[in-house]
Amino acid sequence: MTETTPISKVTGVNGNMVSVEFAGAVMQNEVAYVLPADGSKLKSEVIRVRGREADLQVFESTTGVKVGDPVEFTSQLLSVELGPGLLTQVYDGLQNPLPELAKQAGYFLKKGLYVYPLDREKKWSYTPVAKIGARVQAGDTIGTVPEGIFKHRIMVPFAWTGEWTVIWTIEPGDYTIDTVVAKVSDGLNEREITMVQTWPVKIPITAYDDKLLPREPLITQVRIIDTFFPVAKGGTFCTPGPFGAGKTVLQHALSQRSEADVVIVAACGERAGEVVEILREFPHLDDPRTGQKLIDRTIIICNTSSMPVAAREASIYTSVTLAEYYRQMGLNVLLLADSTSRWAQALREESGRLEEIPGEEAFPAYLESLVASFYERAGLVRLKDGNLGSITICGAVSPAGGNFEEPVTQATLKVVGSFLALSRDRANARRYPSIHPLDSWSKYNSIVPKEKIDAARQMLRAGNDVNQMMKVVGEEGTPTSDFVTYLKSEFIDSVYLQQNTFDPVDSACGSKRQEYVFDKLLSVIAKSFSFPDKNAARTYFQNLRQAFIDWNYIAWDTDDFKTQEAKIDELLATA
Amino acid sequence: MKKIYHRIIQISGNVITVEADNVANGELAEVKSPRGTSLAQVIRLDKTRVYLQVFAGSRGISTDSEVRFLGQPMRVSASDALLGRIFTGNGSPRDKGPALTDNMIDIGGPSVNPANRVIPKNMIRTGLPMIDIFNTLVESQKLPIFSVAGEPYNELLARIAMQAEVDIIVLGGMGLKYDDYLYFKETLDQQGALSRTVMFIHTAADPIVECLLVPDMALATAEYFATQENKRVLVLLTDMTNFCDALKEIAITMEQIPSNRGYPGDLYSQLASRYEKAVDFETAGSITILAVTTMPGDDVTHPVPDNTGYITEGQFYLVNGRIEPFGSLSRLKQQVNSETRADHRALMDNMIRLYAEYKEALEKQSMGFKMSDWDSKLLKYGNLFEQRMMDLRVNIPLEEALDLGWKTLAECFTPAETGIKTDLVKQFWPKNS
């Protein structure tokens with residue numbers, strides 16, 4: 001800082017909020033650095049300006065900050081770096097690579113330590129695509145580098161407006177990301193393009209032609225989702241549930257088994273231990289679709305509950321911006337945000353410090369619009385080159401007290417296309433995944449025709465009614481035919497809705513297998529049985545269930561699979 | 001020479017305000033009043049105004065009391081000299097030993113880098129079937145016991161601590177009844193564990209602000225032993241609800257907008273920054289946290305147990321002197337229960353599922369419905385399950401408990417009725433039934 005630059009100074013500290021008397025002009029959401037006497041640089045963001053005073057939320061602990069400490073403003077919005085090498089990375093909410101921080105600072109996170117998100121030294125094998133003389137605009141591909149199994153597109157920076165003519169391109173070869181790979185001109189100005197660009201996280205990337213209606217299902221290999229409550233590529237869904245209902249286990253299953261090209265896991269304000277499992281296991285798990293490791297298609301954004309709360313707020317935006325970047329390459333991206341409630345709580349903490357008038361449960365009044373604009377960044381788009389790309393967002397919600405009436409769940413339900421209600425009762429009864437078959441809903445198309453699902457759903461509802469009635473009139477007061485209805489619904493539940501995520505075969509149920517098994521299930525539902533008494537009925541269904549569960553544990557399309565199926569058919573023929 | 005400030009401009013609750021300059025956020029100060037000297041910590045700066053939270057409370061502080069800033073945040077002495085000692089929440093000796101000043105380290109330090117963590121892999125054996133089979137405790141886990149006043153939660157805590165194989169025990173007591181404090185001291189002493197224990201005790205009679213310091217003191221100490229001396233440390237925190245109530249008190253004094261039943265909006269972050277100190281390192285020791293959270297009005301949706309449940313890796317419900325199978329959960333059990341015995345997981349899931357069905361049958365019975373054959377089987381099973389698995393007096397190793405599980409199933413059901421995979425039934429179903 002030169003002597004002539006006027007100096008901005010801290011005037012107050014309250015939790016992670018610092019008030020600053022600024023010199024010159026400041027921009028809303030501009031990044032600034034607080035410079036305490038110990039020599040550290042604390043990254044922060046302008047969140048309010050009043051007169052000559054700006055309020056900054058600091059992404060670090062403010063212990064040690066004094067009134068009068070200087071503050072440096074950067075004139076930049078909070079941004080991320082986009083370029084090859086994002087996949088396989090583990091970032092904090094501000095895109096600092098955590099393994100690199102660990103190398104530099106040891107066991108604990110160090111205040112004020114920031115590292116480049118992308119590897120500056122690594123060379124990528126670059127192939128130019130746009131020819132000299134070509135007319136290009138923001139988002140157009142000018143070259144590619146291989147990253148994992150994809151061609152990572154190097155694109156004209158999304159922030160550039162107007163049309164540009166390519167006037168120079170580099171020869172194919174191995175270069176670092178900061179190498180100038182092309183020069184363009186609009187007749188007046190000349191600009192250089194490298195393999196990396198920055199983008200402000202809170203603004204959506206919209207360098208595409210059209211947003212389309214999501215139709216094609218995203219196969220998750222979880223039976224109850226794909227068959228009953230499907231999710232479309234480019235759609236949104238949420239998984240609210242009380243603690244212990246299996247949100248995280250379900251998200252892990254989705255991150256492993258979903259048939260998406262890129263998976264971004266945003267661990268936002270949740271347990272560090274859960275991220276560690278992904279961190280340590282994904283490098284060793286095979287991705288059956290590509291033959292590579294799961295980590296090769298994954299980015300982890302990890303701002304766990306004990307990390308600074310302002311960076312938690314940023315982490316959601318960081319992750320969705322990375323998702324948008326890969327969507328621009330024509331890929332199908334799945335973003336798993338666990339949990340959006342923690343993000344909302346970070347907003348609430350900030351709002352409280354700003355002494356804003358609180359809304360319901362002290363959440364800020366603008367919560368709903370922020371939640372909506374986050375989910376609206378999902379979607380299926382047609383890119384300028386005609387290819388399709390999509391972002392599917394799954395938001396975990398952690399409602400206080402497991403009560404879905406609370407503001408975050410309600411704000412989320414308004415904007416998502418599918419609602420997977422996790423139920424404590426089902427979790428207590430060890431019926432996993434604990435997605436409630438009667439409370440949940442989806443607006444997307446299933447892999448199974450609608451009439452077939454309606455038949456199964458009707459049976460589940462009828463079974464539930466009989467069960468309620470039995471609680472009043474007892475088993476002896478229930479006709480055997482009703483009792484069989486109840487057994488059939490229980491049968492659907494235990495052999496189809498329930499699925500063992502920890503079993504290598506049962507956890508990955510492909511769409512072909514689902515269609516096939518579902519038809520078998522329907523034949524059981526449709527069949528009319530006649531039993532001498534209820535005990536006989538119960539025993540019969542217990543045996544049938546056993547045979548079906550064993551079947552679930554046998555690999556698809558094997559001889560054993562057919563043998564077991566024959567056993568089931570035999571059982572069906574005897575009744 | 002540090003300046004001394006004499007003009008206190010506001011006293012509200014346990015927070016005082018002075019006008020001073022060159023003061024850092026989080027810094028400690030000494031407040032001298034006719035009643036004595038107390039430590040205080042800076043919690044907010046507003047221009048020249050400095051807000052201080054006085055550890056001993058503001059009672060007896062006058063507007064001309066002396067405030068002297070110490071130029072450093074709250075610290076605790078970390079060395080082997082801690083072992084066998086008992087301190088108050090602010091780190092002064094509660095036993096008759098000397099005050100410690102060697103190797104002072106900051107408390108409430110930064111979070112562990114998630115990239116440095118490893119997947120927990122060591123089971124902690126407790127001898128309680130409800131824990132060992134159904135909700136296995138794992139080294140580096142953070143787990144609260146959810147309970148209500150009157151339940152033997154401190155006894156359970158002490159029993160697990162004594163039986164667990166750890167190097168060092170750190171006990172943080174918050175709002176502890178004096179009797180409970182003596183109980184812990186005696187139990188540790190009788191079992192010969194006192195010499196590997198450090199205690200930070202805030203009793204119900206002590207100033208409330210000191211309660212807030214207890215978890216940070218205990219965890220900073222634990223971090224020292226885990227990272228510097230490669231020890232396996234077990235931290236016991238009881239009762240975290242008192243800690244949250246202290247937070248609430250300060251937040252209201254500071255005129256913060258409350259979020260839910262008077263608790264501050266950052267309750268989740270406050271609890272998380274403590275519980276997340278539980279960790280396992282590849283090249284150093286580990287920290288396991290067992291806490292007690294009493295649920296006001298036995299209501300699990302109360303903000304304290306609710307926020308806790310979202311942070312911790314499971315919970316044990318202690319109801320009527322038993323660990324309840326429903327609701328109790330160990331999120332890390334999958335990390336270890338595949339390594340114990342092939343039947344562990346299947347037995348765990350199916351025994352609980354059948355117990356849930358027993359509960360339904362029990363309900364039917366209490367409403368006077370006729371019991372079917374199946375219901376009778378369930379009733380027999382449920383009684384045996386409660387006797388053999390849930391009773392806290394049962395103290396058997398895991399393998400014995402699993403065998404007992406199969407025996408119980410075989411006494412009540414046929415293999416198909418249990419819903420267990422056929423190959424496991426072939427291997428483990430008792431032969432003589």
# chains A, B, ... in the order shown; residues from 1 in each chain; ligands from 1
>>> select_by_dssp(residues="region 84-317 of chain B", states="alpha helix (DSSP H)", output="PyMOL selection string")
chain B and resi 129+153-163+178-190+208-228+240-253+267-275+303-311
>>> residues_around(residues="region 129-134 of chain A", least_positions_apart="3", cutoff="8 Å", atoms="only C-alpha atoms", output="list of chain:residue names")
A:Thr141, A:Ile142, A:Gly143, A:Thr144, A:Thr165, A:Val166, A:Ile167, A:Trp168, A:Thr169
>>> residues_around(residues="Ser269 (chain B)", least_positions_apart="3", cutoff="7 Å", atoms="only C-alpha atoms", output="PDB file with C-alpha atoms, in the first residue's frame")
ATOM      1  CA  SER A 305     -19.589 -27.237  11.061  1.00  0.00           C
ATOM      2  CA  SER A 306     -16.554 -26.128  13.045  1.00  0.00           C
TER       3      SER A 306
ATOM      4  CA  ASP B 266     -25.375 -19.572  16.574  1.00  0.00           C
ATOM      5  CA  ALA B 272     -20.198 -27.870  16.628  1.00  0.00           C
ATOM      6  CA  SER B 273     -16.936 -26.053  17.252  1.00  0.00           C
TER       7      SER B 273
END
>>> residues_around(residues="Val397 (chain A)", least_positions_apart="6", cutoff="6 Å", atoms="only C-alpha atoms", output="JSON, numbers by chain")
{"A": [239, 240, 339, 340, 341]}
>>> atom_distance(atom1="CA of Gln163 (chain B)", atom2="CA of Arg85 (chain B)")
21.1 Å
>>> residues_around(residues="region 117-121 of chain A", least_positions_apart="2", cutoff="6 Å", atoms="only C-alpha atoms", output="JSON, numbers by chain")
{"A": [95, 96, 97]}
>>> write_last_selection(atoms="C-alpha atoms", output="PDB file, in the first residue's frame")
ATOM      1  CA  GLN A  95     -11.881 -22.780  -2.787  1.00  0.00           C
ATOM      2  CA  ASN A  96      -8.641 -23.299  -0.846  1.00  0.00           C
ATOM      3  CA  PRO A  97      -7.417 -26.851  -1.460  1.00  0.00           C
TER       4      PRO A  97
END
>>> residues_around(residues="region 293-310 of chain B", least_positions_apart="6", cutoff="9 Å", atoms="only C-alpha atoms", output="VMD selection string")
(chain A and resid 242 to 244 270 to 271 398 400 to 403) or (chain B and resid 143 to 149 153 237 to 242 244 to 245 260 to 261 263 267 to 268 271 to 272 275)
>>> write_last_selection(atoms="C-alpha atoms", output="PDB file, in the first residue's frame")
ATOM      1  CA  PRO A 242     -34.703 -35.393  11.452  1.00  0.00           C
ATOM      2  CA  PHE A 243     -31.268 -36.392  12.648  1.00  0.00           C
ATOM      3  CA  GLY A 244     -30.631 -40.099  12.536  1.00  0.00           C
ATOM      4  CA  GLU A 270     -21.994 -30.787   8.615  1.00  0.00           C
ATOM      5  CA  ARG A 271     -19.689 -33.263  10.300  1.00  0.00           C
ATOM      6  CA  SER A 398     -32.185 -30.629   8.580  1.00  0.00           C
ATOM      7  CA  ALA A 400     -35.271 -28.301  13.740  1.00  0.00           C
ATOM      8  CA  GLY A 401     -36.993 -30.976  15.765  1.00  0.00           C
ATOM      9  CA  GLY A 402     -37.745 -32.938  12.597  1.00  0.00           C
ATOM     10  CA  ASN A 403     -40.696 -30.631  12.018  1.00  0.00           C
TER      11      ASN A 403
ATOM     12  CA  LEU B 143     -21.583 -39.128  21.187  1.00  0.00           C
ATOM     13  CA  PRO B 144     -24.006 -37.681  23.726  1.00  0.00           C
ATOM     14  CA  ILE B 145     -26.191 -39.539  26.178  1.00  0.00           C
ATOM     15  CA  PHE B 146     -29.680 -38.051  25.894  1.00  0.00           C
ATOM     16  CA  SER B 147     -31.423 -38.319  29.192  1.00  0.00           C
ATOM     17  CA  VAL B 148     -33.573 -36.572  31.748  1.00  0.00           C
ATOM     18  CA  ALA B 149     -32.917 -35.533  35.324  1.00  0.00           C
ATOM     19  CA  TYR B 153     -26.399 -40.829  33.216  1.00  0.00           C
ATOM     20  CA  LEU B 237     -18.591 -33.546  29.155  1.00  0.00           C
ATOM     21  CA  THR B 238     -21.525 -33.367  31.542  1.00  0.00           C
ATOM     22  CA  ASP B 239     -23.940 -31.666  31.248  1.00  0.00           C
ATOM     23  CA  MET B 240     -23.873 -29.829  27.905  1.00  0.00           C
ATOM     24  CA  THR B 241     -27.390 -28.444  28.451  1.00  0.00           C
ATOM     25  CA  ASN B 242     -25.959 -26.277  31.248  1.00  0.00           C
ATOM     26  CA  CYS B 244     -26.061 -24.048  26.333  1.00  0.00           C
ATOM     27  CA  ASP B 245     -28.071 -22.308  29.038  1.00  0.00           C
ATOM     28  CA  ASN B 260     -35.600 -20.523  19.236  1.00  0.00           C
ATOM     29  CA  ARG B 261     -36.808 -20.577  22.846  1.00  0.00           C
ATOM     30  CA  TYR B 263     -31.251 -19.626  22.504  1.00  0.00           C
ATOM     31  CA  LEU B 267     -26.109 -22.370  19.061  1.00  0.00           C
ATOM     32  CA  TYR B 268     -25.409 -24.955  16.359  1.00  0.00           C
ATOM     33  CA  LEU B 271     -21.806 -26.693  19.860  1.00  0.00           C
ATOM     34  CA  ALA B 272     -20.198 -27.870  16.628  1.00  0.00           C
ATOM     35  CA  TYR B 275     -17.883 -31.476  19.402  1.00  0.00           C
TER      36      TYR B 275
END
>>> residues_around(residues="Thr136 (chain B)", least_positions_apart="2", cutoff="8 Å", atoms="only C-alpha atoms", output="list of chain:residue names")
B:Met123, B:Ile124, B:Arg125, B:Ile131, B:Asp132, B:Ile133, B:Phe134, B:Val138, B:Ser330, B:Leu332, B:Lys333, B:Val336, B:Asn337
>>> write_last_selection(atoms="C-alpha atoms", output="CSV table (one decimal), in the first residue's frame")
chain,number,residue,atom,x,y,z
B,123,MET,CA,-14.1,-50.2,18.3
B,124,ILE,CA,-14.3,-49.2,21.9
B,125,ARG,CA,-15.6,-52.2,23.9
B,131,ILE,CA,-23.7,-50.5,22.8
B,132,ASP,CA,-21.4,-53.2,21.6
B,133,ILE,CA,-23.9,-55.0,19.3
B,134,PHE,CA,-26.4,-52.4,18.4
B,138,VAL,CA,-15.8,-46.1,18.0
B,330,SER,CA,-24.0,-44.9,16.5
B,332,LEU,CA,-19.8,-44.9,13.0
B,333,LYS,CA,-20.8,-48.4,13.7
B,336,VAL,CA,-16.2,-51.3,12.6
B,337,ASN,CA,-19.0,-53.8,12.7
>>> select_by_dssp(residues="region 328-433 of chain A", states="strand (DSSP E or B)", output="ChimeraX atom specification")
/A:332-338,379-382,388-397,418-419,422
>>> write_last_selection(atoms="N, CA and C atoms", output="mmCIF file, in the first residue's frame")
data_model
loop_
_atom_site.group_PDB
_atom_site.id
_atom_site.type_symbol
_atom_site.label_atom_id
_atom_site.label_comp_id
_atom_site.auth_asym_id
_atom_site.auth_seq_id
_atom_site.Cartn_x
_atom_site.Cartn_y
_atom_site.Cartn_z
ATOM 1 N N ASN A 332 -23.522 -33.748 -17.465
ATOM 2 C CA ASN A 332 -24.594 -33.836 -16.480
ATOM 3 C C ASN A 332 -23.972 -33.825 -15.093
ATOM 4 N N VAL A 333 -24.268 -32.782 -14.363
ATOM 5 C CA VAL A 333 -23.644 -32.593 -13.057
ATOM 6 C C VAL A 333 -24.683 -32.837 -11.967
ATOM 7 N N LEU A 334 -24.281 -33.560 -10.926
ATOM 8 C CA LEU A 334 -25.145 -33.730 -9.753
ATOM 9 C C LEU A 334 -24.497 -32.991 -8.597
ATOM 10 N N LEU A 335 -25.236 -32.052 -8.010
ATOM 11 C CA LEU A 335 -24.737 -31.312 -6.855
ATOM 12 C C LEU A 335 -25.483 -31.780 -5.616
ATOM 13 N N LEU A 336 -24.738 -32.298 -4.656
ATOM 14 C CA LEU A 336 -25.342 -32.756 -3.407
ATOM 15 C C LEU A 336 -24.976 -31.758 -2.322
ATOM 16 N N ALA A 337 -25.952 -31.038 -1.819
ATOM 17 C CA ALA A 337 -25.679 -30.035 -0.788
ATOM 18 C C ALA A 337 -26.179 -30.539 0.554
ATOM 19 N N ASP A 338 -25.267 -30.774 1.445
ATOM 20 C CA ASP A 338 -25.607 -31.310 2.766
ATOM 21 C C ASP A 338 -24.941 -30.426 3.814
ATOM 22 N N GLY A 379 -30.810 -27.031 -13.619
ATOM 23 C CA GLY A 379 -31.573 -26.985 -14.856
ATOM 24 C C GLY A 379 -30.869 -27.645 -16.016
ATOM 25 N N LEU A 380 -31.700 -27.983 -16.996
ATOM 26 C CA LEU A 380 -31.207 -28.568 -18.237
ATOM 27 C C LEU A 380 -31.084 -27.422 -19.237
ATOM 28 N N VAL A 381 -29.917 -27.279 -19.877
ATOM 29 C CA VAL A 381 -29.757 -26.165 -20.811
ATOM 30 C C VAL A 381 -29.258 -26.666 -22.167
ATOM 31 N N ARG A 382 -29.644 -25.916 -23.225
ATOM 32 C CA ARG A 382 -29.054 -26.158 -24.537
ATOM 33 C C ARG A 382 -27.953 -25.129 -24.721
ATOM 34 N N LEU A 388 -26.497 -30.546 -24.920
ATOM 35 C CA LEU A 388 -27.231 -30.338 -23.677
ATOM 36 C C LEU A 388 -26.313 -30.534 -22.483
ATOM 37 N N GLY A 389 -26.567 -29.795 -21.458
ATOM 38 C CA GLY A 389 -25.860 -29.976 -20.197
ATOM 39 C C GLY A 389 -26.855 -29.789 -19.078
ATOM 40 N N SER A 390 -26.593 -30.384 -17.896
ATOM 41 C CA SER A 390 -27.574 -30.230 -16.824
ATOM 42 C C SER A 390 -26.910 -30.165 -15.466
ATOM 43 N N ILE A 391 -27.606 -29.521 -14.554
ATOM 44 C CA ILE A 391 -27.245 -29.575 -13.133
ATOM 45 C C ILE A 391 -28.472 -30.068 -12.386
ATOM 46 N N THR A 392 -28.294 -31.148 -11.630
ATOM 47 C CA THR A 392 -29.345 -31.638 -10.764
ATOM 48 C C THR A 392 -28.921 -31.290 -9.349
ATOM 49 N N ILE A 393 -29.799 -30.651 -8.592
ATOM 50 C CA ILE A 393 -29.432 -30.291 -7.223
ATOM 51 C C ILE A 393 -30.239 -31.115 -6.229
ATOM 52 N N CYS A 394 -29.525 -31.740 -5.309
ATOM 53 C CA CYS A 394 -30.177 -32.422 -4.202
ATOM 54 C C CYS A 394 -29.793 -31.686 -2.937
ATOM 55 N N GLY A 395 -30.761 -31.084 -2.270
ATOM 56 C CA GLY A 395 -30.475 -30.382 -1.024
ATOM 57 C C GLY A 395 -30.954 -31.181 0.163
ATOM 58 N N ALA A 396 -30.053 -31.497 1.070
ATOM 59 C CA ALA A 396 -30.489 -32.090 2.333
ATOM 60 C C ALA A 396 -30.976 -30.948 3.204
ATOM 61 N N VAL A 397 -32.045 -31.195 3.925
ATOM 62 C CA VAL A 397 -32.566 -30.195 4.846
ATOM 63 C C VAL A 397 -32.622 -30.836 6.228
ATOM 64 N N SER A 418 -39.011 -32.596 -6.533
ATOM 65 C CA SER A 418 -39.223 -33.888 -5.910
ATOM 66 C C SER A 418 -38.892 -33.777 -4.432
ATOM 67 N N PHE A 419 -39.720 -34.406 -3.621
ATOM 68 C CA PHE A 419 -39.613 -34.283 -2.171
ATOM 69 C C PHE A 419 -39.478 -35.682 -1.588
ATOM 70 N N LEU A 422 -37.778 -38.023 4.687
ATOM 71 C CA LEU A 422 -37.186 -39.073 5.507
ATOM 72 C C LEU A 422 -37.942 -39.121 6.830
#
>>> closest_residue(among="A:Ala37, A:Ile47, A:Val180, A:Val196", to="chain B", atoms="only C-alpha atoms")
A:Ala37
